[in-house]
Each structure stands twice: as C-alpha cells, then as structure tokens.
Amino acid sequence: MEVLAARLAADHPRTNAGWSVQLVPLRDELIRSSRTELLLVFGAVFCLLLLVCANVASLAVARSAARAREMAIRLALGAGRTRIVREHLAETALCAVLTAVVAIVFTTVSMGAAIAFAPADIPRLNEVEVNASVVWFSIAIAVLATIIGVFLPGLRGSATAIASTLKDGAPVSGQNASRVRRALVVAEIAVTVVLLVGAGLLARSFAGLQRVDPGFDVQNLLVLRIAPDVTRYKGAPLVTDYFGRVFNSIGELPGVASAAAVTVLPMSTIGSDFYRPYWLEGARPAGNAEAQANVRMATPGYFNTLGLPLVSGREFSAQDAIDAPRVIIINESLARIAWKGEDPVGRSLILDYQGGATARQVVGVVRDARYKGPRSDPSPEIFIPHAQNPYLVMNVLVRTTIDPAALAQSARAQALKVDPDQPVHSVTTMERLLAATMQEDRFAMLFVALFAAAGLLTAATGVYALLAYTVAQRRREIAVRMAIGASSSSVARLIVMESLTLALVGCVLGALGVAAVSQLARSILFGIAPQDPLTLVTTAAVLFTVVLAASWLPARRAARINPVAAMRL
C-alpha cells in the first residue's frame, strides 16, 4: 500500500504529494469506539455473577451446616459418602437446570428491548441473538458457578465427623463455617461497593455532560439531509438556486423562522469535513509545521439559524457570490491561534483548499462550538460561502417556533416540491443528535445502575440471611445473656454492630477495588475523578442504610427471644 501511495503521489503531485496510507485491522476499526462500553458491560455482569455465587455459597455453607447432624446419622446407618455426594450433586444440578431454563427464556423474551436500549453504534448489534453458542456458554458458566458456589460447600458438610456431630448438644456448625459465611458476605459488600461507586460516578459524569454548553441553541432545530444529483445540478448557479428555492419552500410553512444549510452540522456524523492547512499572508511555515483547520461550506443565515452568535464582523450574504471576493468566517479558536487575541476581521488568511493556496478575507468571527459532542473540545474552523464553493451534499437546518418534530414530514414534503427526484432523508432534530452523542454514556450509566441495584439487593439478602442464621444458631447464647441481665436493646445492638462491622470491612475492600479499576474508569468519565469523595461517601451511606435495614428484622427477633423458652430447647 505504501508503494501504491508513492506511485499515486508521483503521478498526481498536485493532489497526492505528501499523502500516504494507514492500515487498520477491520476488527479494530469496528469495535474501537465500543470496546470500553462492552468491557464495562462484561465487568458489570461478572461482578453480579460474583455476588450471586458468594450469596449462594453462603447459603450452601449454612445449609450444609444445618444438615450436618442428618448427614452424620445417615453415615452412621451405613450410607456411603459417594451416595451422599451423588445425591447432593443431583439436588444442585436440578436447581441449576431450572434456573438456567428460566434465565434463557427471560433473556429470549427481553432481547428486543435490550437491543433497542443499547447504543446503535455497537457493531453487528442487529446480529445479537440467543443461539446455541450463547446457550452452551451460559450453561458452562452456570455449571462452574454451581460447582464453586453450591457443590463444594455442600461437600464440606458431608464430610462431618460422625462421633462429634452426634454428641448431645453438639453445635450443628463450627467456627469455620461461620467465618466462611462472614467472609462471603464481606466479599458481596465489597463487590457491591464497586458497582455502586461505578453507577454513582457514571451518573454524575452524565449529569456533567448534560450541563455542557455546546455553543449554540439546540432547541427548536429541525435537520434534513439533501444530496442533489451532480448531473442535473452542475455548476455554482444551479446548485445555489436549488438550495435557495428549498429554503424558500420550507420557509412558507407556519412555525418556520429561518432555514439554511452547511456541509457538516454539529453533533452529526453525516457530511464531508475537510481538514486543510492555513497560514497568514507571508508567513507560510516550512515542511509539516502548517496549522490546519476544519473547512465547511455554509449558506447565508446559517449561524443565525443555528443560534451560533457572532463575536465580531458579519454573516455571509447573497453578495458573497461565485464572482465576489473570496471571504471566510472563522471561529474563536482559530482567531486566538492565528492572531493571538486580536480582532481578525478585515485581515486575510491563506487557505490551501480546492484550487490551491488562496488568500481569503475574514469577514466574521463566530463563537466556538463543540462539533463532536459535549466531550469534544472546540477546534479551529473555517467557513466558506456556499455560493463560492458549491457543495451538493448539505445538511439543511430549520429554526422553528414550535416543536420541530411536528414539522418533520411537512418540511420534507416542501423540500421535495422543489424537485421530487432529489433525495431528502435522515430527518431529525438537533436535540436528538445531541442525545445521540451521549447515548454511550447513558447506556453505561443505566446499565451499571441496574446491576448496582441488583447487587445491592443481593448483598442485603446475604446480610439478612447471615444474621438470621446467626440469631437462630446463637439462640441459647442470647437467652443466657438475657437471663443474667442483658437488655433487649443491648442484644439488638449486638446483632446490628455485627452487620455494621461487616459493612465497614466490605467498604474498605470495595474502595481498594475501586482504586484498582480507576484507570479504566477514568477513560469513560467526564469532569469527575474516579476517587470522587462525594460519590464514595454517598455510596457508603447508601450501603450502611441498606445493611441496617437488612439487620433490623434479625435484631428484632433476637431482642424478642424468651430466655425461659430458649433454655428448654
């Protein structure tokens, strides 16, 4: 490809000199813009999988401990350990299969909504389906999670020593099982902290994006794309006349304030953008040191229609025709770079564009706009009168006094009245274009928030199950405490403090997890640091509140234990 580029440069020195090629693998090009959000989705799914595994493992430990005496009796009566393991495996497999069936059915039914919810620029999104590969992969993950989360803890319970377990009054669970369950709950809380912090950071990042000023008025703007036939509209007069008639036709509609066009609109991916060198008269840099700017063609009234205010000078007018002196309008960024803050109106700029390097007089300076969306920074821009450089593929912009969506079909019909053979397509509003630039951020925020809510519910369930089981196991101990003078409030406080201790340890570990993934988070956040104190404090407050709510019922049950009745058990 480099050899071919060199040959083209030699054969066409005026247009190809200095140009080469850059090869990019197709796969990298397809997924480049979606890689981060897909990794984020996978990370959230993996975190929720860890939460569920930890929760189920905790329940399995409790279940195996509760059945320890039963297993010991069966072993004492002659049951083989292999048979007990086989039975436990059958129970586990039945639960896993039933759960997998429900999950696959639910996923199949909700697939359409999930695809509609995802950003449209994810490659091959329309090919996503629940096929055999997805089913087998899900089954494999479910089996692995089942073995780790349920079967292994169950095996531990089946290997209980017979003699010690059958002793009168022997506890059905030891300290090891209790520590394992607490460790699993702490792990749940830590993973939940990571999800909650991620959701909070993405929510604040998205709110920050919505507050960014794009530089123009996005309200009440309708957008239409028009691409006239080059064989019918050949030459500047025909092109200029056609678009003028389109503007007049659309302007006849009630509720239309003005109409204009430009080659590339802010927030839009449709249109031709040209990045060309420029320099001041008599100051052309040598070699590759030439500054460059985005070059766009605009019709008279475009900046007024867009709501992009002039800083100085004037807009284009009908006098800026093909045979008039060459003029341009630049933005503030280019004015600061080229003239160091001085007013450039009336001065000349050399632009290397069609026809070679040509001097053009600056007649106006407009405010900077964020053309690529709220995340983008303004870049140098040069606008050329459309009549002086007629371009066929244009974005027509219509400023309305009513809801622009209500005029969409009427405006398209008016444009087609001028010439029914010319396509008028991709009718939308500027608000939708602006929203589309933030759809990846919205998707990431809502998706992680959904998983964070599920994770919080899972962690709360784990805390509740642990405390409820603890109260049941320590019933006799609590009765003794109350018999020798402990109050109901102190017993309840004991249970609550245990839950808060678990939450504190989980928060610390979760904060370490957030620090570990902060570099990935930094690339998708806007205007906020991964270690944002407000988000961390809010997450901790939400988590402690949920943990307190989860511990309320077990603490209440512990406080209501009747010492006399408990001691008789």
# chains A, B, ... in the order shown; residues from 1 in each chain; ligands from 1

$ residues_around --residues "Pro277 of chain A" --least-positions-apart "4" --cutoff "9 Å" --atoms "only C-alpha atoms" --output "number ranges by chain"
A: 290-293, 350-353, 357

$ select_by_dssp --residues "segment 234-461 of chain A" --states "strand (DSSP E)" --output "NGL selection string"
:A and (256-262 or 274-280 or 291-298 or 310-313 or 327-331 or 348-353 or 356-366 or 381-385 or 394-400 or 424-429)

$ write_last_selection --atoms "C-alpha atoms" --output "PDB file, in the first residue's frame"
ATOM      1  CA  VAL A 256     -40.668  28.160  10.467  1.00  0.00           C
ATOM      2  CA  ALA A 257     -38.449  31.083  11.448  1.00  0.00           C
ATOM      3  CA  SER A 258     -35.496  30.505   9.094  1.00  0.00           C
ATOM      4  CA  ALA A 259     -33.655  27.853   7.071  1.00  0.00           C
ATOM      5  CA  ALA A 260     -30.040  27.446   5.989  1.00  0.00           C
ATOM      6  CA  ALA A 261     -27.516  24.706   5.231  1.00  0.00           C
ATOM      7  CA  VAL A 262     -23.957  23.601   5.943  1.00  0.00           C
ATOM      8  CA  PHE A 274     -12.111  18.765   5.251  1.00  0.00           C
ATOM      9  CA  TYR A 275      -9.024  19.308   7.381  1.00  0.00           C
ATOM     10  CA  ARG A 276      -6.809  21.723   5.430  1.00  0.00           C
ATOM     11  CA  PRO A 277      -3.680  23.850   6.064  1.00  0.00           C
ATOM     12  CA  TYR A 278      -3.808  27.617   6.558  1.00  0.00           C
ATOM     13  CA  TRP A 279      -1.324  30.386   7.352  1.00  0.00           C
ATOM     14  CA  LEU A 280      -1.097  34.160   7.482  1.00  0.00           C
ATOM     15  CA  ALA A 291      -1.555  24.574  11.101  1.00  0.00           C
ATOM     16  CA  GLN A 292      -4.801  23.012   9.924  1.00  0.00           C
ATOM     17  CA  ALA A 293      -8.489  23.726  10.387  1.00  0.00           C
ATOM     18  CA  ASN A 294     -11.825  22.115   9.577  1.00  0.00           C
ATOM     19  CA  VAL A 295     -13.227  23.652   6.383  1.00  0.00           C
ATOM     20  CA  ARG A 296     -17.004  23.810   5.928  1.00  0.00           C
ATOM     21  CA  MET A 297     -19.339  25.455   3.414  1.00  0.00           C
ATOM     22  CA  ALA A 298     -22.326  27.401   4.783  1.00  0.00           C
ATOM     23  CA  LEU A 310     -21.170  36.246  16.020  1.00  0.00           C
ATOM     24  CA  VAL A 311     -18.342  37.608  18.134  1.00  0.00           C
ATOM     25  CA  SER A 312     -17.417  40.230  15.549  1.00  0.00           C
ATOM     26  CA  GLY A 313     -17.984  41.005  11.884  1.00  0.00           C
ATOM     27  CA  VAL A 327     -14.260  35.645   2.091  1.00  0.00           C
ATOM     28  CA  ILE A 328     -14.406  33.361   5.125  1.00  0.00           C
ATOM     29  CA  ILE A 329     -15.773  33.277   8.653  1.00  0.00           C
ATOM     30  CA  ILE A 330     -13.630  31.705  11.378  1.00  0.00           C
ATOM     31  CA  ASN A 331     -14.275  30.642  14.954  1.00  0.00           C
ATOM     32  CA  SER A 348      -6.505  37.863   5.156  1.00  0.00           C
ATOM     33  CA  LEU A 349      -5.793  34.191   5.651  1.00  0.00           C
ATOM     34  CA  ILE A 350      -4.212  31.826   3.136  1.00  0.00           C
ATOM     35  CA  LEU A 351      -6.205  28.587   2.837  1.00  0.00           C
ATOM     36  CA  ASP A 352      -4.807  25.622   0.922  1.00  0.00           C
ATOM     37  CA  TYR A 353      -8.018  24.168  -0.461  1.00  0.00           C
ATOM     38  CA  GLY A 356      -4.551  25.685  -4.379  1.00  0.00           C
ATOM     39  CA  ALA A 357      -3.487  28.233  -1.768  1.00  0.00           C
ATOM     40  CA  THR A 358      -5.770  31.277  -1.962  1.00  0.00           C
ATOM     41  CA  ALA A 359      -5.985  34.420   0.156  1.00  0.00           C
ATOM     42  CA  ARG A 360      -9.412  34.926   1.739  1.00  0.00           C
ATOM     43  CA  GLN A 361     -10.571  37.874   3.791  1.00  0.00           C
ATOM     44  CA  VAL A 362     -12.023  37.233   7.251  1.00  0.00           C
ATOM     45  CA  VAL A 363     -15.438  38.935   7.456  1.00  0.00           C
ATOM     46  CA  GLY A 364     -16.635  37.444  10.744  1.00  0.00           C
ATOM     47  CA  VAL A 365     -15.747  35.526  13.877  1.00  0.00           C
ATOM     48  CA  VAL A 366     -18.257  33.147  15.486  1.00  0.00           C
ATOM     49  CA  GLU A 381     -12.891  26.101  11.944  1.00  0.00           C
ATOM     50  CA  ILE A 382     -13.135  27.959   8.662  1.00  0.00           C
ATOM     51  CA  PHE A 383     -16.472  28.565   6.919  1.00  0.00           C
ATOM     52  CA  ILE A 384     -16.625  29.356   3.192  1.00  0.00           C
ATOM     53  CA  PRO A 385     -19.709  30.850   1.499  1.00  0.00           C
ATOM     54  CA  MET A 394     -25.725  19.506   2.509  1.00  0.00           C
ATOM     55  CA  ASN A 395     -27.379  19.447   5.931  1.00  0.00           C
ATOM     56  CA  VAL A 396     -30.412  21.728   5.908  1.00  0.00           C
ATOM     57  CA  LEU A 397     -31.175  23.351   9.247  1.00  0.00           C
ATOM     58  CA  VAL A 398     -34.629  24.746  10.046  1.00  0.00           C
ATOM     59  CA  ARG A 399     -35.274  27.011  13.036  1.00  0.00           C
ATOM     60  CA  THR A 400     -38.885  26.653  14.218  1.00  0.00           C
ATOM     61  CA  VAL A 424     -34.399  14.341   1.247  1.00  0.00           C
ATOM     62  CA  HIS A 425     -33.555  11.940   4.074  1.00  0.00           C
ATOM     63  CA  SER A 426     -32.424  11.470   7.695  1.00  0.00           C
ATOM     64  CA  VAL A 427     -34.931  13.969   9.050  1.00  0.00           C
ATOM     65  CA  THR A 428     -34.352  14.524  12.760  1.00  0.00           C
ATOM     66  CA  THR A 429     -33.958  17.232  15.387  1.00  0.00           C
TER      67      THR A 429
END

$ closest_residue --among "A:Ala479, A:Thr82, A:Ala460, A:Glu87" --to "Thr545 of chain A" --atoms "only C-alpha atoms"
A:Ala460

$ residues_around --residues "Phe243 of chain A" --least-positions-apart "3" --cutoff "10 Å" --atoms "only C-alpha atoms" --output "list of chain:residue names"
A:Ile226, A:Pro228, A:Leu238, A:Val239, A:Thr240, A:Val246, A:Phe247, A:Asn248, A:Ser249, A:Ala260, A:Ala261, A:Thr299, A:His386, A:Leu392, A:Met394, A:Val396, A:Ala415, A:Val418

$ closest_residue --among "A:Val193, A:Gly198, A:Gly506, A:Tyr391" --to "Tyr233 of chain A" --atoms "only C-alpha atoms"
A:Tyr391

$ residues_around --residues "segment 433-437 of chain A" --least-positions-apart "5" --cutoff "7 Å" --atoms "only C-alpha atoms" --output "list of chain:residue names"
A:Met267, A:Ser268, A:Gly373

$ atom_distance --atom1 "atom CA of Ser110 of chain A" --atom2 "atom CA of Gly462 of chain A"
27.3 Å

$ residues_around --residues "segment 522-534 of chain A" --least-positions-apart "3" --cutoff "8 Å" --atoms "only C-alpha atoms" --output "VMD selection string"
chain A and resid 36 201 to 202 204 to 206 208 to 209 375 441 514 to 515 518 to 519 537 to 538

$ atom_distance --atom1 "atom CA of Gln388 of chain A" --atom2 "atom CA of Gly18 of chain A"
27.0 Å

$ residues_around --residues "Ile141 of chain A" --least-positions-apart "6" --cutoff "10 Å" --atoms "only C-alpha atoms" --output "PyMOL selection string"
chain A and resi 49+135+147

$ select_by_dssp --residues "segment 81-306 of chain A" --states "alpha helix (DSSP H)" --output "NGL selection string"
:A and (81-117 or 132-146 or 152-158 or 162-166 or 175-211 or 236-251 or 302-306)

$ closest_residue --among "A:Ala96, A:Val491, A:Leu48, A:Ala559" --to "Leu144 of chain A" --atoms "only C-alpha atoms"
A:Ala96

$ residues_around --residues "Tyr464 of chain A" --least-positions-apart "2" --cutoff "8 Å" --atoms "only C-alpha atoms" --output "PyMOL selection string"
chain A and resi 460-462+466-468+550-551+554

$ write_last_selection --atoms "N, CA and C atoms" --output "PDB file, in the first residue's frame"
ATOM      1  N   ALA A 460     -27.820  -7.235  50.404  1.00  0.00           N
ATOM      2  CA  ALA A 460     -28.749  -7.103  51.523  1.00  0.00           C
ATOM      3  C   ALA A 460     -29.337  -8.461  51.892  1.00  0.00           C
ATOM      4  N   THR A 461     -29.640  -9.271  50.871  1.00  0.00           N
ATOM      5  CA  THR A 461     -30.145 -10.623  51.137  1.00  0.00           C
ATOM      6  C   THR A 461     -29.105 -11.462  51.869  1.00  0.00           C
ATOM      7  N   GLY A 462     -27.843 -11.305  51.433  1.00  0.00           N
ATOM      8  CA  GLY A 462     -26.783 -12.042  52.098  1.00  0.00           C
ATOM      9  C   GLY A 462     -26.602 -11.642  53.548  1.00  0.00           C
ATOM     10  N   LEU A 466     -27.345 -14.140  56.705  1.00  0.00           N
ATOM     11  CA  LEU A 466     -26.288 -14.421  57.680  1.00  0.00           C
ATOM     12  C   LEU A 466     -26.750 -14.099  59.095  1.00  0.00           C
ATOM     13  N   LEU A 467     -27.358 -12.924  59.281  1.00  0.00           N
ATOM     14  CA  LEU A 467     -27.774 -12.522  60.630  1.00  0.00           C
ATOM     15  C   LEU A 467     -28.922 -13.386  61.133  1.00  0.00           C
ATOM     16  N   ALA A 468     -29.873 -13.701  60.242  1.00  0.00           N
ATOM     17  CA  ALA A 468     -30.978 -14.554  60.661  1.00  0.00           C
ATOM     18  C   ALA A 468     -30.467 -15.926  61.093  1.00  0.00           C
ATOM     19  N   ALA A 550     -31.432  -4.377  56.497  1.00  0.00           N
ATOM     20  CA  ALA A 550     -31.393  -5.829  56.413  1.00  0.00           C
ATOM     21  C   ALA A 550     -31.210  -6.476  57.781  1.00  0.00           C
ATOM     22  N   SER A 551     -30.562  -5.775  58.696  1.00  0.00           N
ATOM     23  CA  SER A 551     -30.299  -6.348  60.024  1.00  0.00           C
ATOM     24  C   SER A 551     -31.420  -6.056  61.029  1.00  0.00           C
ATOM     25  N   PRO A 554     -33.653  -9.460  61.906  1.00  0.00           N
ATOM     26  CA  PRO A 554     -32.936 -10.398  62.786  1.00  0.00           C
ATOM     27  C   PRO A 554     -32.661  -9.818  64.170  1.00  0.00           C
TER      28      PRO A 554
END

$ atom_distance --atom1 "atom CA of Val345 of chain A" --atom2 "atom CA of Asp213 of chain A"
25.4 Å

$ closest_residue --among "A:Val218, A:Leu195, A:Arg493, A:Ile322" --to "Thr539 of chain A" --atoms "only C-alpha atoms"
A:Leu195
